[in-house]
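> Below you'll find the structure I mean.
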Amino acid sequence: MILQRPSTHKETARNKLLPQKIGLFVWRANLERLPVRVELDKRGIDLDSVRCPICNNDIETVAHILLHCSFAKDLWSRVFRWWNLNRPMYANMGKMFQGNRNALSSQTSKLWQSVEWVCGYIIWRNRNLNAFQKKKGNGPTALNEVQLKSYERISRRSKELAMEWNQ
Ligand SMILES: [Zn+2]
């Protein structure tokens with residue numbers, strides 16, 4: 001099967017600072033192709049519920065789990081606060097992973113995009129731990145993980161950006 005993707009998404013799935021599996025995750029998220037319950041249901045997979053495995057308050061769509069669910073909202077606010085940025089309202093996933101922020105220099109934008117991607121990836125991993133192993137994550141620990149993981153990846157791949165990060 002050939003997956004078509006709109007050209008606007010081209011840039012969002014490539015970030016040289018991060019491992020390919022995170023790029024793949026972002027690419028799938030942008031196309032709403034993560035195996036959330038609504039998508040599984042559409043494919044005829046028999047599920048007990050299509051509601052969110054974390055909050056049970058809404059139908060589980062990609063936007064819900066990555067943006068609107070309580071865990072995601074809390075973690076995004078923490079990440080935005082850590083970066084001293086105002087949190088925009090994202091209309092869709094594509095906007096979210098672009099990393100472009102007027103307030104940031106292009107170097108810093110690269111760092112910010114990496115942080116966004118790692119954050120999304122950690123939200124998704126937390127969702128899976130919750131759905132399959134009934135493990136509940138918490139905001140402060142998850143923020144810590146976003147910070148450590150993004151710094152670790154960035155410093156491994158770019159000395160220059162790691163220095164910028166330190167500043
Ligand atoms: Zn939820």
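Going through the structure tokens in order, the chains are called A, B, and so on, while each chain numbers its residues from 1 and the ligands are numbered from 1 in the order shown.
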Could I get the residue neighbourhood of ligand 1 at 12 Å, counting only C-alpha atoms and all ligand atoms, as a PyMOL selection string?
chain A and resi 36-37+50-74+123-124+126-127+130-131
> Per DSSP on the backbone, filter chain A down to the residues in helix (DSSP H, G or I) and report them as an NGL selection string.
:A and (7-9 or 11-13 or 20-30 or 37-42 or 62-68 or 70-82 or 93-96 or 106-133 or 139-157 or 159-166)
> Counting only C-alpha atoms, which of A:Tyr121, A:Trp82, A:Phe97, A:Phe25 gets nearest to Gln147 (chain A)?
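Of the candidates, the smallest distance to Gln147 (chain A) is held by A:Trp82.
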> Mind pulling up the distance from CA of Pro35 (chain A) to CA of Leu47 (chain A)?
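Answer for the CA of Leu47 (chain A) to CA of Pro35 (chain A) separation: 12.3 Å.
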> Please determine, counting only C-alpha atoms, which residue among A:Ile45, A:Leu104, A:Trp83, A:Pro19 has the shortest atom-to-atom distance to Arg153 (chain A).
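Between A:Ile45, A:Leu104, A:Trp83, A:Pro19, the residue approaching Arg153 (chain A) most closely is A:Pro19.
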> What is the distance, in Å and to one decimal place, between CA of Trp165 (chain A) and CA of Arg78 (chain A)?
17.7 Å
> Can you work out which one of A:Lys16, A:Arg125, A:Arg81, A:Lys134 has the shortest atom-to-atom distance to Ile154 (chain A), counting only C-alpha atoms?
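Between A:Lys16, A:Arg125, A:Arg81, A:Lys134, the residue approaching Ile154 (chain A) most closely is A:Lys16.
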